[in-house]
$ cat final_33.txt   # compact mmCIF, C-alpha atoms
# COMPACT_ATOMS: atom_id res chain seq x y z
CA MET A 1 51.73 -37.19 77.94
CA GLY A 2 50.11 -35.38 80.85
CA ARG A 3 47.03 -33.28 80.22
CA SER A 4 46.41 -30.16 82.20
CA LEU A 5 42.77 -29.30 82.56
CA VAL A 6 42.20 -25.58 82.20
CA SER A 7 38.56 -24.80 81.57
CA TYR A 8 35.14 -26.03 80.53
CA THR A 9 33.86 -22.81 79.08
CA MET A 10 33.38 -23.54 75.37
CA GLN A 11 30.42 -25.26 73.78
CA CYS A 12 30.99 -27.50 70.74
CA PRO A 13 29.72 -25.72 67.59
CA LYS A 14 28.80 -29.12 66.07
CA CYS A 15 27.06 -31.09 68.82
CA HIS A 16 26.79 -28.45 71.60
CA SER A 17 28.46 -30.56 74.29
CA VAL A 18 31.00 -29.00 76.63
CA MET A 19 34.55 -28.62 75.33
CA ARG A 20 37.61 -29.09 77.50
CA THR A 21 40.87 -27.30 77.03
CA TYR A 22 44.01 -29.42 76.90
CA ASN A 23 47.61 -28.43 76.58
CA ARG A 24 49.51 -30.40 73.96
CA GLY A 25 53.18 -29.52 73.74
CA GLY A 26 52.47 -25.95 74.76
CA VAL A 27 49.50 -25.54 72.38
CA GLN A 28 46.02 -25.07 73.86
CA ILE A 29 43.38 -27.10 72.07
CA GLU A 30 39.68 -27.49 72.89
CA GLN A 31 38.22 -30.97 72.56
CA CYS A 32 34.49 -31.78 72.73
CA ASP A 33 33.46 -34.29 75.42
CA GLY A 34 30.61 -35.42 73.19
CA CYS A 35 31.80 -35.86 69.62
CA ARG A 36 35.57 -35.57 70.31
CA GLY A 37 35.82 -32.83 67.72
CA ILE A 38 38.76 -30.49 68.15
CA PHE A 39 38.71 -26.67 67.98
CA LEU A 40 41.87 -24.75 67.20
CA ASP A 41 42.31 -21.03 67.74
CA TYR A 42 44.04 -18.79 65.20
CA GLY A 43 47.67 -19.82 64.87
CA GLU A 44 47.31 -23.11 66.77
CA LEU A 45 47.29 -25.25 63.64
CA GLU A 46 50.56 -23.65 62.58
CA ALA A 47 51.97 -24.21 66.07
CA LEU A 48 51.01 -27.90 65.88
CA THR A 49 52.52 -28.18 62.42
CA ARG A 50 55.78 -26.74 63.77
CA LEU A 51 55.72 -29.23 66.63
CA GLU A 52 55.16 -32.06 64.17
CA ALA A 53 58.15 -30.95 62.10
CA GLN A 54 60.30 -30.87 65.27
CA TRP A 55 59.03 -34.35 66.15
CA HIS A 56 60.13 -35.73 62.79
CA ALA A 57 63.49 -34.00 63.05
CA ALA A 58 64.09 -35.16 66.63
CA PRO A 59 65.75 -38.47 67.56
CA PRO A 60 63.33 -41.29 68.54
CA PRO A 61 61.70 -40.59 71.92
CA ALA A 62 62.54 -42.69 74.98
CA ALA A 63 60.41 -45.76 75.61
CA PRO A 64 57.20 -45.06 77.57
CA PRO A 65 57.08 -46.13 81.23
CA ALA A 66 56.52 -49.87 81.65
CA HIS A 67 53.40 -49.58 83.79
CA VAL A 68 50.97 -47.99 81.36
CA ALA A 69 47.51 -48.66 82.78
CA GLN A 70 45.74 -49.08 79.47
CA GLN A 71 47.14 -49.18 75.99
CA HIS A 72 45.37 -47.65 73.06
CA TYR A 73 45.30 -49.42 69.74
CA GLY A 74 45.17 -48.15 66.21
CA GLN A 75 42.34 -48.72 63.79
CA PRO A 76 42.98 -50.87 60.71
CA ALA A 77 43.98 -49.13 57.49
CA TRP A 78 40.44 -49.63 56.18
CA GLY A 79 38.88 -48.01 59.25
CA HIS A 80 36.91 -44.80 59.60
CA GLY A 81 38.16 -42.24 62.16
CA TYR A 82 36.48 -42.10 65.53
CA GLY A 83 34.22 -39.25 66.53
CA HIS A 84 32.01 -38.65 63.49
CA HIS A 85 28.92 -40.10 65.14
CA ARG A 86 26.81 -39.28 68.15
CA HIS A 87 26.52 -42.33 70.35
CA SER A 88 22.74 -42.40 70.12
CA SER A 89 22.76 -42.93 66.38
CA TRP A 90 24.34 -46.37 66.58
CA ALA A 91 23.74 -47.52 70.18
CA LYS A 92 20.99 -49.94 69.12
CA MET A 93 23.64 -51.90 67.25
CA LEU A 94 25.48 -52.52 70.53
CA PHE A 95 22.64 -54.67 71.80
CA SER A 96 21.32 -56.53 68.79
CA THR A 97 22.16 -59.23 66.30
CA MET B 1 6.27 -64.66 63.39
CA GLU B 2 4.83 -67.82 61.83
CA GLY B 3 3.61 -70.69 63.96
CA VAL B 4 4.15 -69.17 67.38
CA PRO B 5 2.64 -71.18 70.22
CA PRO B 6 -0.30 -69.42 71.91
CA LEU B 7 0.69 -67.49 75.03
CA ALA B 8 -1.78 -69.54 77.10
CA GLU B 9 0.13 -72.71 76.20
CA LEU B 10 3.41 -71.04 77.08
CA ALA B 11 1.94 -69.98 80.44
CA GLY B 12 1.29 -73.69 81.09
CA VAL B 13 4.99 -74.43 80.49
CA ALA B 14 6.03 -71.56 82.74
CA ALA B 15 3.83 -72.90 85.53
CA LEU B 16 5.73 -76.20 85.38
CA VAL B 17 8.98 -74.46 86.25
CA GLY B 18 7.53 -72.34 89.05
CA ALA B 19 7.30 -69.02 87.23
CA GLY B 20 4.82 -67.67 89.78
CA GLU B 21 2.18 -65.09 89.02
CA GLY B 22 2.52 -62.64 86.19
CA PRO B 23 1.16 -61.77 82.78
CA ALA B 24 2.81 -63.24 79.69
CA THR B 25 4.84 -60.42 78.13
CA VAL B 26 6.67 -60.65 74.81
CA VAL B 27 10.18 -59.41 75.65
CA SER B 28 11.57 -59.68 72.14
CA ALA B 29 10.28 -61.04 68.84
CA ARG B 30 12.18 -61.47 65.60
CA HIS B 31 10.94 -63.16 62.46
CA ASP B 32 12.56 -66.41 63.58
CA ARG B 33 12.29 -66.55 67.36
CA MET B 34 10.50 -65.07 70.37
CA ILE B 35 11.16 -64.53 74.08
CA VAL B 36 8.24 -64.34 76.50
CA ARG B 37 8.44 -63.42 80.16
CA ILE B 38 6.04 -64.96 82.65
CA GLY B 39 6.70 -64.12 86.29
CA ALA B 40 10.26 -65.07 87.18
CA VAL B 41 10.76 -67.13 84.02
CA ALA B 42 11.75 -66.29 80.44
CA LEU B 43 10.61 -68.78 77.81
CA LYS B 44 12.46 -68.90 74.53
CA VAL B 45 10.60 -70.10 71.45
CA HIS B 46 13.42 -71.28 69.22
CA ALA B 47 13.48 -70.81 65.43
CA ASP B 48 11.46 -73.36 63.49
CA ASP B 49 14.51 -74.52 61.53
CA THR B 50 16.41 -75.32 64.76
CA ASP B 51 18.39 -78.56 64.58
CA PRO B 52 17.08 -80.49 67.64
CA ALA B 53 20.34 -82.40 68.20
CA ALA B 54 22.41 -79.21 68.15
CA LEU B 55 19.93 -77.40 70.41
CA ALA B 56 20.03 -80.30 72.88
CA ALA B 57 23.85 -80.19 72.94
CA ARG B 58 23.83 -76.41 73.41
CA LEU B 59 21.28 -76.56 76.24
CA ARG B 60 23.28 -79.33 77.97
CA ALA B 61 26.40 -77.17 77.72
CA ALA B 62 24.59 -74.18 79.26
CA ALA B 63 23.35 -76.44 82.08
CA ASP B 64 26.84 -77.88 82.68
CA PRO B 65 28.07 -76.87 86.15
CA SER B 66 31.54 -76.20 84.73
CA LEU B 67 30.06 -73.27 82.77
CA ALA B 68 27.81 -72.01 85.58
CA GLN B 69 29.93 -68.88 86.07
CA VAL B 70 29.81 -68.04 82.37
CA LEU B 71 26.48 -69.02 80.82
CA LEU B 72 23.01 -68.54 82.26
CA ALA B 73 21.70 -72.06 82.96
CA PRO B 74 18.34 -73.24 81.57
CA LEU B 75 15.63 -74.54 83.90
CA PRO B 76 14.88 -78.28 83.75
CA LEU B 77 11.49 -78.89 82.14
CA PRO B 78 9.49 -81.85 83.47
CA ALA B 79 7.54 -83.80 80.84
CA ARG B 80 3.93 -82.67 80.67
CA GLY B 81 2.58 -86.12 79.86
CA PRO B 82 3.55 -89.52 78.50
CA ASP B 83 3.55 -88.27 74.88
CA ASP B 84 5.46 -85.08 75.58
CA ALA B 85 8.62 -84.58 73.50
CA THR B 86 11.53 -83.07 75.37
CA LEU B 87 15.14 -82.34 74.48
CA ALA B 88 17.52 -83.41 77.23
CA GLY B 89 14.80 -82.40 79.70
CA LEU B 90 15.69 -78.78 78.82
CA ALA B 91 13.30 -77.96 75.96
CA THR B 92 9.78 -79.02 75.24
CA ARG B 93 7.68 -79.07 72.08
CA VAL B 94 4.89 -76.49 72.14
CA GLY B 95 2.75 -75.74 69.07
CA GLY B 96 5.37 -77.15 66.70
CA ARG B 97 8.30 -75.22 68.18
CA TRP B 98 11.03 -76.03 70.69
CA VAL B 99 10.68 -73.97 73.87
CA SER B 100 13.31 -73.64 76.62
CA ALA B 101 12.90 -72.01 80.06
CA TRP B 102 15.35 -69.66 81.81
CA PRO B 103 15.41 -67.63 85.01
CA PHE B 104 14.34 -64.14 83.94
CA ALA B 105 17.20 -61.65 84.03
CA ASP B 106 17.36 -58.14 82.61
CA ALA B 107 19.49 -57.88 79.51
CA LEU B 108 21.45 -54.70 78.84
CA GLY B 109 19.75 -52.18 76.62
CA LEU B 110 19.96 -48.69 75.16
CA ALA B 111 20.01 -46.99 78.58
CA ASP B 112 23.32 -48.78 79.28
CA ALA B 113 25.04 -47.59 76.11
CA ASP B 114 27.20 -44.93 77.75
CA HIS B 115 28.41 -47.17 80.56
CA ALA B 116 28.33 -50.61 79.00
CA PRO B 117 30.42 -53.10 81.03
CA TRP B 118 33.19 -53.68 78.48
CA GLU B 119 35.58 -55.13 81.07
CA ARG B 120 32.99 -57.61 82.39
CA ALA B 121 32.24 -58.59 78.80
CA GLY B 122 35.93 -59.20 78.11
CA GLU B 123 36.31 -61.36 81.22
CA LEU B 124 33.21 -63.43 80.44
CA LEU B 125 34.22 -64.07 76.86
CA ALA B 126 37.73 -65.04 77.98
CA ARG B 127 36.26 -67.49 80.51
CA LEU B 128 33.99 -68.99 77.86
CA HIS B 129 36.89 -69.36 75.44
CA ARG B 130 39.07 -71.03 78.08
CA ALA B 131 36.42 -73.58 79.08
CA PRO B 132 36.85 -77.14 77.88
CA VAL B 133 34.54 -77.80 74.92
CA PRO B 134 31.62 -79.87 76.30
CA ALA B 135 31.63 -83.38 74.80
CA GLY B 136 28.33 -82.94 72.99
CA LEU B 137 29.43 -79.73 71.24
CA GLY B 138 32.64 -81.10 69.73
CA GLY B 139 30.95 -81.56 66.35
CA VAL B 140 28.80 -78.44 66.44
CA PRO B 141 30.47 -75.51 64.66
CA ALA B 142 29.47 -71.98 65.62
CA ASN B 143 28.62 -70.12 62.43
CA PRO B 144 28.84 -66.37 62.98
CA ARG B 145 28.71 -65.90 59.18
CA ARG B 146 25.28 -67.46 58.85
CA ARG B 147 23.49 -64.17 58.08
CA LEU B 148 26.22 -62.76 55.83
CA ALA B 149 25.29 -64.13 52.39
CA ARG B 150 21.59 -63.51 53.03
CA SER B 151 22.28 -59.88 53.99
CA VAL B 152 24.37 -59.34 50.85
CA GLU B 153 21.75 -61.01 48.62
CA ALA B 154 19.01 -58.83 50.10
CA MET B 155 20.73 -55.77 48.61
CA SER B 156 19.80 -56.86 45.09
CA ALA B 157 16.28 -55.48 45.62
CA THR B 158 17.52 -51.98 46.45
CA GLY B 159 18.14 -49.06 44.15
CA LEU B 160 21.39 -47.89 45.72
CA SER B 161 23.56 -49.26 42.93
CA GLU B 162 26.85 -47.57 43.88
CA ALA B 163 26.68 -48.59 47.54
CA ARG B 164 25.58 -52.08 46.51
CA ALA B 165 28.56 -52.48 44.17
CA VAL B 166 30.98 -51.30 46.89
CA VAL B 167 29.62 -53.74 49.46
CA LEU B 168 29.52 -56.59 46.96
CA ALA B 169 33.17 -56.01 46.03
CA ALA B 170 34.16 -56.05 49.72
CA TYR B 171 32.10 -59.22 50.24
CA ARG B 172 33.84 -60.96 47.35
CA SER B 173 37.23 -60.07 48.85
CA LEU B 174 36.47 -61.95 52.09
CA PRO B 175 38.21 -65.30 52.38
CA GLY B 176 35.92 -68.13 53.51
CA ARG B 177 32.81 -65.98 53.16
CA VAL B 178 30.48 -68.95 52.74
CA ALA B 179 32.22 -71.30 55.18
CA ALA B 180 30.01 -72.68 57.95
CA SER B 181 32.97 -73.00 60.34
CA THR B 182 35.45 -70.37 61.51
CA VAL B 183 38.16 -72.88 62.40
CA ALA B 184 41.33 -71.76 60.57
CA PRO B 185 44.94 -72.95 60.41
CA GLY B 186 47.19 -71.24 62.97
CA ARG B 187 44.22 -69.95 64.96
CA PRO B 188 42.96 -71.22 68.33
CA VAL B 189 39.83 -73.36 68.50
CA ALA B 190 37.47 -72.87 71.44
CA LEU B 191 33.92 -72.94 72.68
CA ILE B 192 32.52 -69.68 71.31
CA HIS B 193 29.23 -67.83 71.71
CA GLY B 194 28.76 -67.32 67.96
CA ASP B 195 26.51 -64.23 68.11
CA TRP B 196 28.04 -61.96 70.70
CA HIS B 197 27.01 -58.36 71.31
CA MET B 198 26.28 -56.31 74.47
CA GLY B 199 22.65 -57.47 74.52
CA GLN B 200 23.89 -60.99 75.33
CA LEU B 201 24.94 -59.97 78.87
CA VAL B 202 22.65 -60.22 81.89
CA ARG B 203 23.28 -59.37 85.52
CA VAL B 204 22.35 -62.20 87.86
CA GLY B 205 21.64 -61.10 91.42
CA ALA B 206 24.76 -60.32 93.39
CA THR B 207 26.78 -63.08 91.75
CA GLY B 208 27.73 -61.25 88.63
CA TRP B 209 27.23 -61.37 84.89
CA ARG B 210 26.30 -64.21 82.56
CA LEU B 211 26.05 -64.72 78.81
CA ILE B 212 22.67 -65.62 77.32
CA ASP B 213 21.37 -66.91 73.97
CA ILE B 214 22.99 -70.26 73.29
CA ASP B 215 21.47 -70.80 69.83
CA ASP B 216 24.79 -70.18 68.06
CA LEU B 217 27.08 -71.71 70.69
CA GLY B 218 29.66 -74.06 69.23
CA VAL B 219 33.26 -74.66 68.28
CA GLY B 220 35.18 -71.97 66.42
CA ASP B 221 37.92 -69.34 66.32
CA PRO B 222 37.30 -67.25 69.45
CA ALA B 223 38.26 -64.04 67.62
CA TRP B 224 34.79 -64.16 66.03
CA ASP B 225 33.15 -63.34 69.37
CA LEU B 226 35.09 -60.05 69.27
CA ALA B 227 34.07 -59.38 65.66
CA ARG B 228 31.23 -56.94 66.33
CA PRO B 229 33.07 -54.63 68.76
CA ALA B 230 36.09 -54.77 66.44
CA ALA B 231 33.90 -53.73 63.50
CA TRP B 232 32.37 -50.90 65.58
CA PHE B 233 35.85 -49.73 66.55
CA ALA B 234 37.09 -49.86 62.97
CA ALA B 235 34.09 -47.89 61.75
CA GLY B 236 34.81 -45.15 64.29
CA LEU B 237 31.69 -45.87 66.36
CA LEU B 238 33.17 -47.51 69.46
CA ALA B 239 35.38 -45.22 71.55
CA PRO B 240 39.07 -46.23 71.49
CA GLU B 241 39.07 -46.45 75.31
CA ASP B 242 36.12 -48.89 75.27
CA TRP B 243 37.86 -51.10 72.72
CA ALA B 244 41.07 -50.91 74.78
CA GLY B 245 39.10 -51.78 77.94
CA LEU B 246 37.55 -54.84 76.32
CA VAL B 247 40.93 -55.99 74.95
CA ALA B 248 42.73 -55.41 78.28
CA ALA B 249 40.10 -57.30 80.31
CA TYR B 250 39.98 -60.15 77.79
CA ARG B 251 43.76 -60.46 77.88
CA SER B 252 44.12 -60.27 81.63
CA ALA B 253 41.54 -63.06 81.95
CA GLY B 254 43.70 -65.19 79.65
CA GLY B 255 41.45 -65.12 76.58
CA PRO B 256 43.04 -67.15 73.77
CA ALA B 257 41.71 -65.14 70.79
CA LEU B 258 44.37 -62.41 71.09
CA PRO B 259 48.14 -62.50 71.58
CA ALA B 260 49.01 -61.68 75.20
CA THR B 261 50.70 -58.42 74.18
CA GLY B 262 51.01 -56.15 71.19
CA ASP B 263 48.50 -55.08 68.60
CA PRO B 264 45.35 -57.20 68.84
CA TRP B 265 44.17 -56.19 65.38
CA PRO B 266 45.63 -58.93 63.16
CA ALA B 267 43.67 -61.56 65.13
CA VAL B 268 40.32 -59.85 64.66
CA ASP B 269 40.82 -58.30 61.23
CA LEU B 270 38.98 -60.91 59.16
CA PRO B 271 36.04 -61.24 61.59
CA ALA B 272 35.80 -57.43 61.77
CA ARG B 273 35.91 -57.06 57.98
CA THR B 274 33.23 -59.72 57.67
CA PHE B 275 30.85 -58.00 60.11
CA THR B 276 31.61 -54.63 58.51
CA VAL B 277 30.37 -56.06 55.21
CA GLU B 278 27.26 -57.50 56.89
CA TYR B 279 26.46 -54.21 58.65
CA ALA B 280 27.04 -52.29 55.40
CA ALA B 281 24.77 -54.64 53.44
CA ARG B 282 22.03 -54.29 56.04
CA ALA B 283 22.38 -50.50 55.99
CA VAL B 284 22.02 -50.53 52.19
CA VAL B 285 18.90 -52.69 52.47
CA THR B 286 17.45 -50.40 55.16
CA ALA B 287 18.19 -47.25 53.16
CA GLY B 288 17.06 -48.72 49.86
CA GLY B 289 13.86 -50.28 51.16
CA GLY B 290 11.91 -47.05 51.38
CA ASP B 291 12.51 -43.50 50.29
CA ALA B 292 15.44 -42.99 52.60
CA ARG B 293 16.22 -39.61 51.01
CA LEU B 294 13.28 -38.26 52.94
CA ALA B 295 14.46 -39.65 56.25
CA LEU B 296 18.15 -39.11 56.82
CA PRO B 297 18.51 -39.31 60.60
CA GLY B 298 20.47 -36.42 61.97
CA GLY B 299 19.82 -34.29 58.91
CA ALA B 300 21.70 -34.05 55.66
CA ASP B 301 25.30 -35.17 55.78
CA PRO B 302 27.47 -32.41 54.34
CA ALA B 303 29.79 -35.06 52.89
CA ALA B 304 26.96 -36.91 51.20
CA GLY B 305 26.98 -35.25 47.82
CA GLY B 306 28.13 -36.89 44.65
CA ASP B 307 29.81 -40.07 45.86
CA GLY B 308 26.94 -42.45 45.10
CA LEU B 309 26.23 -43.09 48.76
CA GLU B 310 23.31 -40.68 49.09
CA GLY B 311 20.42 -42.13 51.06
CA LEU B 312 22.55 -43.94 53.64
CA ASP B 313 22.49 -42.63 57.19
CA PRO B 314 25.89 -41.59 58.61
CA VAL B 315 26.44 -44.92 60.37
CA GLY B 316 25.61 -46.87 57.21
CA ARG B 317 27.94 -44.61 55.24
CA ALA B 318 30.77 -45.34 57.67
CA PHE B 319 30.40 -49.08 57.06
CA VAL B 320 30.10 -48.66 53.28
CA GLU B 321 33.17 -46.40 53.19
CA CYS B 322 35.08 -49.07 55.13
CA CYS B 323 33.89 -51.57 52.50
CA ARG B 324 35.30 -49.36 49.75
CA ARG B 325 38.73 -49.52 51.38
CA ILE B 326 38.44 -53.24 52.18
CA ALA B 327 37.77 -53.95 48.51
CA ALA B 328 40.52 -51.58 47.35
CA MET B 329 43.08 -53.18 49.70
CA ALA B 330 42.16 -56.60 48.35
CA GLY B 331 42.80 -55.40 44.80
CA GLY B 332 39.28 -54.31 43.99
CA GLY B 333 37.71 -57.69 44.74

$ encode --input "final_33.txt" --output "structure tokens"
Amino acid sequence: MGRSLVSYTMQCPKCHSVMRTYNRGGVQIEQCDGCRGIFLDYGELEALTRLEAQWHAAPPPAAPPAHVAQQHYGQPAWGHGYGHHRHSSWAKMLFST
Amino acid sequence: MEGVPPLAELAGVAALVGAGEGPATVVSARHDRMIVRIGAVALKVHADDTDPAALAARLRAAADPSLAQVLLAPLPLPARGPDDATLAGLATRVGGRWVSAWPFADALGLADADHAPWERAGELLARLHRAPVPAGLGGVPANPRRRLARSVEAMSATGLSEARAVVLAAYRSLPGRVAASTVAPGRPVALIHGDWHMGQLVRVGATGWRLIDIDDLGVGDPAWDLARPAAWFAAGLLAPEDWAGLVAAYRSAGGPALPATGDPWPAVDLPARTFTVEYAARAVVTAGGGDARLALPGGADPAAGGDGLEGLDPVGRAFVECCRRIAAMAGGG
């Protein structure tokens, strides 16, 4: 899915990083560059819910193009969603036993 | 650390390998081992329970020209006298400890966190895992689980009873939790690092990156070298694009731990669960060791009330919450 970059004007209410606006299926959502939190304006959640319902009702989508540069993988069922933590709070773990 | 050789004696060893001028600086010290920089040389004082035969085999492997593009090579240590004990000419006995010498190279650290070289790491690990197992290491298993039971036992002294019970249940659900070897039916067997994380990468001049710290090098299931990043990804700490970058680079370099295509998760699930339990246990020990309620980093967690996990910092909570689901999926341990 292509993303169209619109603006950088909002600041994340949680971590105060810059938020970018993306267009997902015609719905504008703001996502924080820092914590990846998502901000929805009034009515956007309902719009996304409608899109989801259409998705479930629609026939299976066509296969993605064969030359995807990088695949993304799902977390295991026991995982903990990404984006709850600032990088600095766990970065030490990256470099130590 | 107990029984560390005096720095003056270490400076004498460094002089033998042409360290040049420079003060002796402790680069890193843990309870069991120490690294000292003198001039252009890093000396490693190995743990006092080091098995000399295994250390000799590991040092020979790191010095093997066939692994020169993967592992940093140790410096040959000439004997200091007729009574001097050496291991394969690559470690010498100083003050009751084995000491090896290495060209000094900067390891990655906190400043590199936001642009850590995940692709280089994937390539290096794949190259290590594809290398023929050096003859001397055939009988030396890597044991990435060697701190697991100790970490879980250390929780018994803490007051965080709910978190402790959750982690213990997840621990008891882990197959092979006390096994010294990771070799498993249906899984590849390779030369593995045994203690891999981003701090085990150094940049060497213009020629690229190398892996350091051979103390856990041995034979095992190569998926265990991906266990820590997999656990970070599962706990929601490592960005999905970093995990994907590591996986893609590892695969394109022909790494045997993962299937060539498709979801890599089944291959790393057990190693990731195991390290999740170890990280959770260590977080419980850290939080329970002092009055952690007074020192929640990042302030109070709004989700912290009433679930028995109060006192853990948010990262520790993430690991403990993963443990809750690991235990539940295994039928409650």

$ residues_around --input "final_33.txt" --residues "Pro74 (chain B)" --least-positions-apart "5" --cutoff "8 Å" --atoms "all atoms listed in the file" --output "list in words"
Leu59, Ala62, Ala63, Leu90, Ser100, Ala101, Trp102 and Pro103 of chain B

$ closest_residue --input "final_33.txt" --among "B:Ala157, B:Val178, B:Ala29, B:Ala73" --to "chain A" --atoms "only C-alpha atoms"
B:Ala29

$ closest_atom_pairs --input "final_33.txt" --of "chain A" --to "chain B" --cutoff "7 Å" --atoms "all atoms listed in the file" --output "JSON lines"
{"residue": "A:Gln70", "atom": "CA", "partner": "B:Ala244", "partner_atom": "CA", "distance": 6.9}
{"residue": "A:Gln71", "atom": "CA", "partner": "B:Ala244", "partner_atom": "CA", "distance": 6.4}
{"residue": "A:His72", "atom": "CA", "partner": "B:Ala244", "partner_atom": "CA", "distance": 5.7}
{"residue": "A:Tyr73", "atom": "CA", "partner": "B:Asp263", "partner_atom": "CA", "distance": 6.6}
{"residue": "A:Gln75", "atom": "CA", "partner": "B:Ala234", "partner_atom": "CA", "distance": 5.4}
{"residue": "A:Pro76", "atom": "CA", "partner": "B:Ala234", "partner_atom": "CA", "distance": 6.4}
{"residue": "A:Trp78", "atom": "CA", "partner": "B:Arg325", "partner_atom": "CA", "distance": 5.1}
{"residue": "A:Gly79", "atom": "CA", "partner": "B:Ala234", "partner_atom": "CA", "distance": 4.5}
{"residue": "A:His80", "atom": "CA", "partner": "B:Ala235", "partner_atom": "CA", "distance": 4.7}
{"residue": "A:Gly81", "atom": "CA", "partner": "B:Gly236", "partner_atom": "CA", "distance": 4.9}
{"residue": "A:Tyr82", "atom": "CA", "partner": "B:Gly236", "partner_atom": "CA", "distance": 3.7}
{"residue": "A:Gly83", "atom": "CA", "partner": "B:Gly236", "partner_atom": "CA", "distance": 6.3}
{"residue": "A:His85", "atom": "CA", "partner": "B:Leu237", "partner_atom": "CA", "distance": 6.5}
{"residue": "A:Trp90", "atom": "CA", "partner": "B:Val315", "partner_atom": "CA", "distance": 6.7}
{"residue": "A:Ala91", "atom": "CA", "partner": "B:Ala113", "partner_atom": "CA", "distance": 6.1}
{"residue": "A:Lys92", "atom": "CA", "partner": "B:Leu110", "partner_atom": "CA", "distance": 6.3}
{"residue": "A:Leu94", "atom": "CA", "partner": "B:Met198", "partner_atom": "CA", "distance": 5.5}
{"residue": "A:Phe95", "atom": "CA", "partner": "B:Gly199", "partner_atom": "CA", "distance": 3.9}
{"residue": "A:Ser96", "atom": "CA", "partner": "B:Gly199", "partner_atom": "CA", "distance": 6.0}
{"residue": "A:Thr97", "atom": "CA", "partner": "B:Asp195", "partner_atom": "CA", "distance": 6.9}

$ atom_distance --input "final_33.txt" --atom1 "CA of Thr261 (chain B)" --atom2 "CA of Val133 (chain B)"
25.2 Å

$ closest_residue --input "final_33.txt" --among "B:Gly186, B:Gly311, B:Pro271, B:Pro141" --to "Leu174 (chain B)" --atoms "all atoms listed in the file"
B:Pro271

$ atom_distance --input "final_33.txt" --atom1 "CA of Gly3 (chain B)" --atom2 "CA of Ser28 (chain B)"
15.9 Å

$ atom_distance --input "final_33.txt" --atom1 "CA of Ala121 (chain B)" --atom2 "CA of Ser89 (chain A)"
22.1 Å

$ residues_around --input "final_33.txt" --residues "region 163-167 of chain B" --least-positions-apart "6" --cutoff "9 Å" --atoms "only C-alpha atoms" --output "VMD selection string"
chain B and resid 152 155 to 156 277 to 278 280 to 281 284 to 285 308 to 310 312 317 319 to 321 323 to 324 327

$ residues_around --input "final_33.txt" --residues "Leu40 (chain A)" --least-positions-apart "4" --cutoff "8 Å" --atoms "all atoms listed in the file" --output "list in words"
Gln28, Ile29, Glu30, Glu44 and Leu45 of chain A
